[in-house]
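> Structure file work.pdb (PDB, C-alpha atoms) right here:
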```pdb
MODEL        1
ATOM      1  CA  MET A 212     161.576  21.352 -77.537
ATOM      2  CA  ASP A 213     161.295  20.119 -73.933
ATOM      3  CA  PHE A 214     157.634  20.146 -72.825
ATOM      4  CA  GLU A 215     158.240  19.455 -69.138
ATOM      5  CA  GLU A 216     156.518  21.743 -66.653
ATOM      6  CA  LYS A 217     158.322  22.338 -63.357
ATOM      7  CA  THR A 218     156.455  22.699 -60.076
ATOM      8  CA  LEU A 219     157.029  26.060 -58.424
ATOM      9  CA  GLU A 220     154.394  25.791 -55.665
ATOM     10  CA  LYS A 221     152.046  23.103 -54.368
ATOM     11  CA  ASN A 222     148.876  24.181 -52.579
ATOM     12  CA  VAL A 223     146.612  21.470 -51.135
ATOM     13  CA  ILE A 224     143.036  22.773 -51.261
ATOM     14  CA  TYR A 225     141.276  19.661 -50.015
ATOM     15  CA  SER A 226     142.450  16.431 -48.426
ATOM     16  CA  GLY A 227     139.912  13.601 -48.315
ATOM     17  CA  ARG A 228     139.457   9.874 -47.830
ATOM     18  CA  ILE A 229     139.540   9.050 -51.563
ATOM     19  CA  LEU A 230     141.374  11.985 -53.113
ATOM     20  CA  ASN A 231     143.245  15.219 -52.539
ATOM     21  CA  LEU A 232     142.903  18.390 -54.617
ATOM     22  CA  ARG A 233     145.899  20.608 -55.318
ATOM     23  CA  LYS A 234     146.330  23.897 -57.137
ATOM     24  CA  ASP A 235     149.942  24.088 -58.304
ATOM     25  CA  LYS A 236     151.899  26.949 -59.808
ATOM     26  CA  VAL A 237     154.152  25.680 -62.614
ATOM     27  CA  SER A 238     156.887  26.962 -64.861
ATOM     28  CA  LEU A 239     155.886  26.398 -68.500
ATOM     29  CA  PRO A 240     158.311  25.378 -71.279
ATOM     30  CA  ASP A 241     158.278  28.930 -72.714
ATOM     31  CA  GLY A 242     159.301  30.461 -69.364
ATOM     32  CA  ASN A 243     155.857  31.730 -68.383
ATOM     33  CA  THR A 244     153.973  30.455 -65.347
ATOM     34  CA  GLY A 245     150.680  28.599 -65.228
ATOM     35  CA  VAL A 246     148.279  26.934 -62.820
ATOM     36  CA  ARG A 247     147.469  23.208 -62.715
ATOM     37  CA  GLU A 248     144.559  21.786 -60.720
ATOM     38  CA  ILE A 249     145.400  18.201 -59.823
ATOM     39  CA  ILE A 250     143.367  15.467 -58.195
ATOM     40  CA  GLU A 251     145.734  13.147 -56.334
ATOM     41  CA  HIS A 252     144.454   9.567 -56.195
ATOM     42  CA  SER A 253     146.180   6.424 -54.964
ATOM     43  CA  GLY A 254     145.095   4.495 -58.045
ATOM     44  CA  GLY A 255     142.986   1.453 -58.616
ATOM     45  CA  SER A 256     143.080  -2.134 -59.742
ATOM     46  CA  ALA A 257     140.548  -3.685 -62.102
ATOM     47  CA  ILE A 258     140.116  -7.332 -62.955
ATOM     48  CA  LEU A 259     139.284  -9.076 -66.223
ATOM     49  CA  CYS A 260     137.863 -12.394 -65.037
ATOM     50  CA  GLU A 261     136.835 -14.898 -67.725
ATOM     51  CA  LYS A 262     135.371 -18.400 -67.692
ATOM     52  CA  GLU A 263     133.581 -20.443 -70.338
ATOM     53  CA  ASP A 264     133.168 -17.562 -72.819
ATOM     54  CA  LYS A 265     131.782 -15.304 -70.074
ATOM     55  CA  ILE A 266     133.221 -12.317 -68.240
ATOM     56  CA  LEU A 267     132.433 -11.303 -64.677
ATOM     57  CA  MET A 268     130.737  -7.904 -64.535
ATOM     58  CA  VAL A 269     129.375  -5.845 -61.678
ATOM     59  CA  LYS A 270     126.581  -3.320 -61.815
ATOM     60  CA  GLN A 271     126.374  -0.512 -59.318
ATOM     61  CA  PHE A 272     124.949   2.953 -58.919
ATOM     62  CA  ARG A 273     127.582   5.629 -59.429
ATOM     63  CA  TYR A 274     126.557   8.818 -57.683
ATOM     64  CA  ALA A 275     128.629  11.181 -59.866
ATOM     65  CA  TYR A 276     126.711  10.048 -62.978
ATOM     66  CA  LYS A 277     123.379   9.356 -61.229
ATOM     67  CA  GLU A 278     123.033   5.992 -62.958
ATOM     68  CA  GLU A 279     123.831   2.315 -62.642
ATOM     69  CA  ILE A 280     127.062   1.449 -64.429
ATOM     70  CA  TRP A 281     128.362  -1.898 -65.738
ATOM     71  CA  GLU A 282     132.013  -2.424 -64.800
ATOM     72  CA  ILE A 283     134.569  -5.146 -64.350
ATOM     73  CA  PRO A 284     135.374  -5.667 -60.642
ATOM     74  CA  ALA A 285     137.690  -2.922 -59.405
ATOM     75  CA  GLY A 286     138.688  -0.915 -56.398
ATOM     76  CA  LYS A 287     140.939   1.712 -54.893
ATOM     77  CA  VAL A 288     144.478   0.845 -53.868
ATOM     78  CA  ASN A 289     144.698   1.452 -50.123
ATOM     79  CA  GLU A 290     147.625   3.327 -48.620
ATOM     80  CA  GLY A 291     150.682   1.035 -48.543
ATOM     81  CA  GLU A 292     148.903  -1.681 -50.542
ATOM     82  CA  ASN A 293     150.425  -3.285 -53.628
ATOM     83  CA  PRO A 294     148.039  -2.909 -56.620
ATOM     84  CA  ILE A 295     148.153  -6.669 -57.319
ATOM     85  CA  ASP A 296     146.943  -7.311 -53.771
ATOM     86  CA  THR A 297     144.112  -4.860 -54.407
ATOM     87  CA  ALA A 298     143.133  -6.925 -57.454
ATOM     88  CA  PHE A 299     142.981 -10.185 -55.486
ATOM     89  CA  ARG A 300     141.007  -8.473 -52.693
ATOM     90  CA  GLU A 301     138.504  -6.699 -54.946
ATOM     91  CA  LEU A 302     137.779  -9.784 -57.071
ATOM     92  CA  GLU A 303     136.764 -11.695 -53.965
ATOM     93  CA  GLU A 304     134.975  -8.769 -52.303
ATOM     94  CA  GLU A 305     132.863  -7.820 -55.326
ATOM     95  CA  GLY A 306     132.648 -11.028 -57.325
ATOM     96  CA  GLY A 307     132.959 -13.799 -54.792
ATOM     97  CA  ILE A 308     135.872 -15.262 -56.766
ATOM     98  CA  LYS A 309     139.355 -16.219 -55.579
ATOM     99  CA  ALA A 310     142.137 -16.286 -58.154
ATOM    100  CA  GLU A 311     145.414 -18.198 -58.032
ATOM    101  CA  LYS A 312     147.155 -15.707 -60.322
ATOM    102  CA  MET A 313     146.864 -12.100 -61.525
ATOM    103  CA  GLU A 314     148.599 -11.000 -64.712
ATOM    104  CA  LEU A 315     149.031  -7.275 -65.346
ATOM    105  CA  LEU A 316     147.607  -6.465 -68.775
ATOM    106  CA  PHE A 317     147.643  -2.652 -68.860
ATOM    107  CA  SER A 318     148.193   0.457 -66.792
ATOM    108  CA  VAL A 319     145.887   3.256 -67.905
ATOM    109  CA  TYR A 320     145.670   6.962 -67.140
ATOM    110  CA  PRO A 321     141.910   7.658 -66.990
ATOM    111  CA  SER A 322     142.179  11.444 -67.354
ATOM    112  CA  PRO A 323     145.776  12.718 -67.578
ATOM    113  CA  GLY A 324     144.764  16.382 -67.784
ATOM    114  CA  TYR A 325     143.875  16.638 -64.112
ATOM    115  CA  THR A 326     144.435  13.448 -62.106
ATOM    116  CA  SER A 327     147.406  11.366 -61.014
ATOM    117  CA  GLU A 328     145.262   8.210 -60.882
ATOM    118  CA  ILE A 329     146.629   5.069 -62.533
ATOM    119  CA  ILE A 330     144.340   2.078 -63.008
ATOM    120  CA  ARG A 331     146.031  -1.277 -63.439
ATOM    121  CA  ILE A 332     144.013  -3.877 -65.312
ATOM    122  CA  TYR A 333     144.761  -7.486 -64.396
ATOM    123  CA  ARG A 334     143.641 -10.831 -65.814
ATOM    124  CA  ALA A 335     142.629 -13.356 -63.153
ATOM    125  CA  THR A 336     143.244 -17.080 -63.644
ATOM    126  CA  GLY A 337     142.868 -20.193 -61.506
ATOM    127  CA  LEU A 338     139.395 -19.253 -60.346
ATOM    128  CA  THR A 339     137.434 -20.740 -57.452
ATOM    129  CA  GLU A 340     134.071 -19.693 -56.028
ATOM    130  CA  SER A 341     134.106 -17.834 -52.732
ATOM    131  CA  ALA A 342     131.794 -15.380 -50.986
ATOM    132  CA  THR A 343     131.430 -11.665 -51.572
ATOM    133  CA  HIS A 344     132.545  -9.228 -48.865
ATOM    134  CA  LEU A 345     131.189  -5.832 -49.885
ATOM    135  CA  ASP A 346     132.206  -2.670 -48.050
ATOM    136  CA  GLU A 347     129.488  -1.348 -45.737
ATOM    137  CA  ASP A 348     128.634   1.488 -48.148
ATOM    138  CA  GLU A 349     128.897  -0.636 -51.318
ATOM    139  CA  PHE A 350     125.842  -2.043 -53.087
ATOM    140  CA  LEU A 351     126.267  -3.977 -56.326
ATOM    141  CA  SER A 352     125.371  -7.143 -58.154
ATOM    142  CA  ALA A 353     127.814  -9.447 -59.930
ATOM    143  CA  GLU A 354     126.921 -11.374 -63.074
ATOM    144  CA  TRP A 355     128.743 -13.604 -65.550
ATOM    145  CA  ILE A 356     127.853 -12.243 -69.002
ATOM    146  CA  GLU A 357     128.458 -14.039 -72.294
ATOM    147  CA  LYS A 358     130.895 -12.357 -74.671
ATOM    148  CA  PRO A 359     128.410 -11.904 -77.551
ATOM    149  CA  ARG A 360     126.051 -10.040 -75.202
ATOM    150  CA  LEU A 361     128.933  -7.880 -73.962
ATOM    151  CA  GLN A 362     129.778  -6.986 -77.557
ATOM    152  CA  LYS A 363     126.176  -5.825 -78.064
ATOM    153  CA  MET A 364     126.263  -3.884 -74.783
ATOM    154  CA  ILE A 365     129.394  -2.055 -75.976
ATOM    155  CA  GLU A 366     127.914  -1.293 -79.395
ATOM    156  CA  SER A 367     124.663   0.029 -77.891
ATOM    157  CA  GLY A 368     126.497   2.296 -75.442
ATOM    158  CA  GLU A 369     125.248   0.396 -72.411
ATOM    159  CA  ILE A 370     128.834  -0.032 -71.161
ATOM    160  CA  LYS A 371     130.436   3.382 -70.648
ATOM    161  CA  ASP A 372     133.188   2.876 -68.076
ATOM    162  CA  SER A 373     136.607   3.401 -69.682
ATOM    163  CA  LYS A 374     138.605   0.753 -67.791
ATOM    164  CA  THR A 375     135.882  -1.771 -68.549
ATOM    165  CA  LEU A 376     135.773  -0.878 -72.237
ATOM    166  CA  ILE A 377     139.548  -1.264 -72.511
ATOM    167  CA  ALA A 378     139.501  -4.674 -70.821
ATOM    168  CA  LEU A 379     136.477  -5.935 -72.768
ATOM    169  CA  LEU A 380     137.741  -4.762 -76.147
ATOM    170  CA  PHE A 381     141.010  -6.539 -75.390
ATOM    171  CA  ALA A 382     139.206  -9.746 -74.374
ATOM    172  CA  LEU A 383     136.736  -9.671 -77.256
ATOM    173  CA  GLY A 384     139.407  -8.949 -79.865
ATOM    174  CA  ARG A 385     141.888 -11.517 -78.618
ATOM    175  CA  ARG A 386     142.349 -14.798 -80.430
ATOM    176  CA  ASP A 387     143.496 -17.657 -78.176
ATOM    177  CA  ASP A 388     144.418 -19.992 -81.039
TER
ENDMDL
END
```
Will you turn the file into structure tokens for me?


Amino acid sequence: MDFEEKTLEKNVIYSGRILNLRKDKVSLPDGNTGVREIIEHSGGSAILCEKEDKILMVKQFRYAYKEEIWEIPAGKVNEGENPIDTAFRELEEEGGIKAEKMELLFSVYPSPGYTSEIIRIYRATGLTESATHLDEDEFLSAEWIEKPRLQKMIESGEIKDSKTLIALLFALGRRDD
């Protein structure tokens, strides 16, 4: 059976700076029609940045959850921007680190039931210290955290962000020998 749903109508309900919201009418595989509410998002890039058995983490207040969240450095892909360029930019902006190279590790769909967002997770190498350049409405702290402590933070539920968990579980489970 073919499970593809075909778009019959697109209706933009809201168009914003970070996302758009659509309510689409679709043709279902069985011939009936349905409605799909979709958040359009340009995607993001996240960076796994390691040195000396430590990983660079940022902590910032996330309004939607009303709490401070531990994350790897990450940011929204701007219109017309290549996601790898976003990764280089965000690592320096949030972490004060310049990288010589970015290697794409994964592309993840954070919530495929209602958003088009794709987050690309990169590994940064060839690191040099720089200065942070936070956006005017961005407040965070960056910290190099040792891998054993990160493992404990995962196990205790202190780290909740999905892109960060994916990157950390990859890094902590990897054997470089």

> Could you list, as a list in words, every residue matched by the PyMOL selection byres ((chain A and resi 352) around 10) in this structure?

Met268, Val269, Lys270, Gln271, Trp281, Glu305, Gly306, Phe350, Leu351, Ala353 and Glu354 of chain A

> Excluding A:Ile224 and any residue of its chain fewer than 4 positions from it, enumerate the residues within 8 Å of it, using all atoms listed in the file, and give them as a list in words.

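Near neighbours after the sequence-gap exclusion: Asn231, Leu232, Arg233 and Lys234 of chain A.
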
> Pick the closest to A:Ile266 from A:Leu230, A:Glu292, A:Glu366, A:Ile283: which is it, counting only C-alpha atoms?

A:Ile283

> When you count all atoms listed in the file, which of these residues is closest to A:Glu251: A:Glu357, A:Glu369, A:Glu328, A:Glu347?

A:Glu328

> Quick one: apply the PyMOL selection byres ((chain A and resi 262) around 12) to the file and drop the selected residues here as a PyMOL selection string.

chain A and resi 259-261+263-268+308+310+334-340+354-358+382

> Give the answer as one residue: which of A:Tyr276, A:Phe317, A:Phe299, A:Tyr225 has the shortest atom-to-atom distance to A:Ile249, using only C-alpha atoms?

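Under the stated criterion, the closest residue is A:Tyr225.
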
> Find the residue from A:Asp213, A:Asp241, A:Asp346, A:Asp296 that sits nearest to A:Ser256; use all atoms listed in the file when measuring.

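Looking only at the distances to A:Ser256, the closest residue turns out to be A:Asp296.
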
> Measure the distance from atom CA of A:Thr297 to atom CA of A:Asp235 in Å and round it to one decimal.

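Separating atom CA of A:Thr297 from atom CA of A:Asp235 is a distance of 29.8 Å.
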
> Which residue, A:Lys363, A:Ala275, A:Gly286, A:Lys221, has the smallest gap to A:Glu349 when you use all atoms listed in the file?

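The closest residue to A:Glu349 is A:Gly286.
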
> So what do you get for atom CA of A:Ser318 versus atom CA of A:Asn289, distance-wise?

17.1 Å

> Here's the selection I'm unsure about, the PyMOL selection byres ((chain A and resi 333) around 7); applied to the file above, which residues does it give, as a PyMOL selection string?

chain A and resi 257-259+313-316+331-332+334-335

> Counting only C-alpha atoms, find residues at most 9 Å from (157.9, 27.6, -74.1) (file frame) and give them as a list in words.

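Residues with an atom at most 9 Å from (157.9, 27.6, -74.1): Met212, Asp213, Phe214, Leu239, Pro240, Asp241, Gly242 and Asn243 of chain A.
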
> For the residues in the current selection, export C-alpha atoms as a JSON list (two decimals), in the coordinates of the input.


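Generated file (out-v7.json):
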```
[["chain", "number", "residue", "atom", "x", "y", "z"],
["A", 212, "MET", "CA", 161.58, 21.35, -77.54],
["A", 213, "ASP", "CA", 161.29, 20.12, -73.93],
["A", 214, "PHE", "CA", 157.63, 20.15, -72.82],
["A", 239, "LEU", "CA", 155.89, 26.40, -68.50],
["A", 240, "PRO", "CA", 158.31, 25.38, -71.28],
["A", 241, "ASP", "CA", 158.28, 28.93, -72.71],
["A", 242, "GLY", "CA", 159.30, 30.46, -69.36],
["A", 243, "ASN", "CA", 155.86, 31.73, -68.38]]
```

> Using Å and a single decimal, report how far atom CA of A:Met364 sits from atom CA of A:His252.

29.3 Å

> List the neighbours of A:Ile329 out to 6 Å using all atoms listed in the file; skip same-chain residues closer than 3 positions along the sequence, and give me the result as a count of residues only.

3

> Hey, which of A:Lys309, A:Lys277, A:Arg228, A:Lys236 ends up closest to A:Glu290? Count all atoms listed in the file.

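Residue with the minimum atom-to-atom distance to A:Glu290: A:Arg228.
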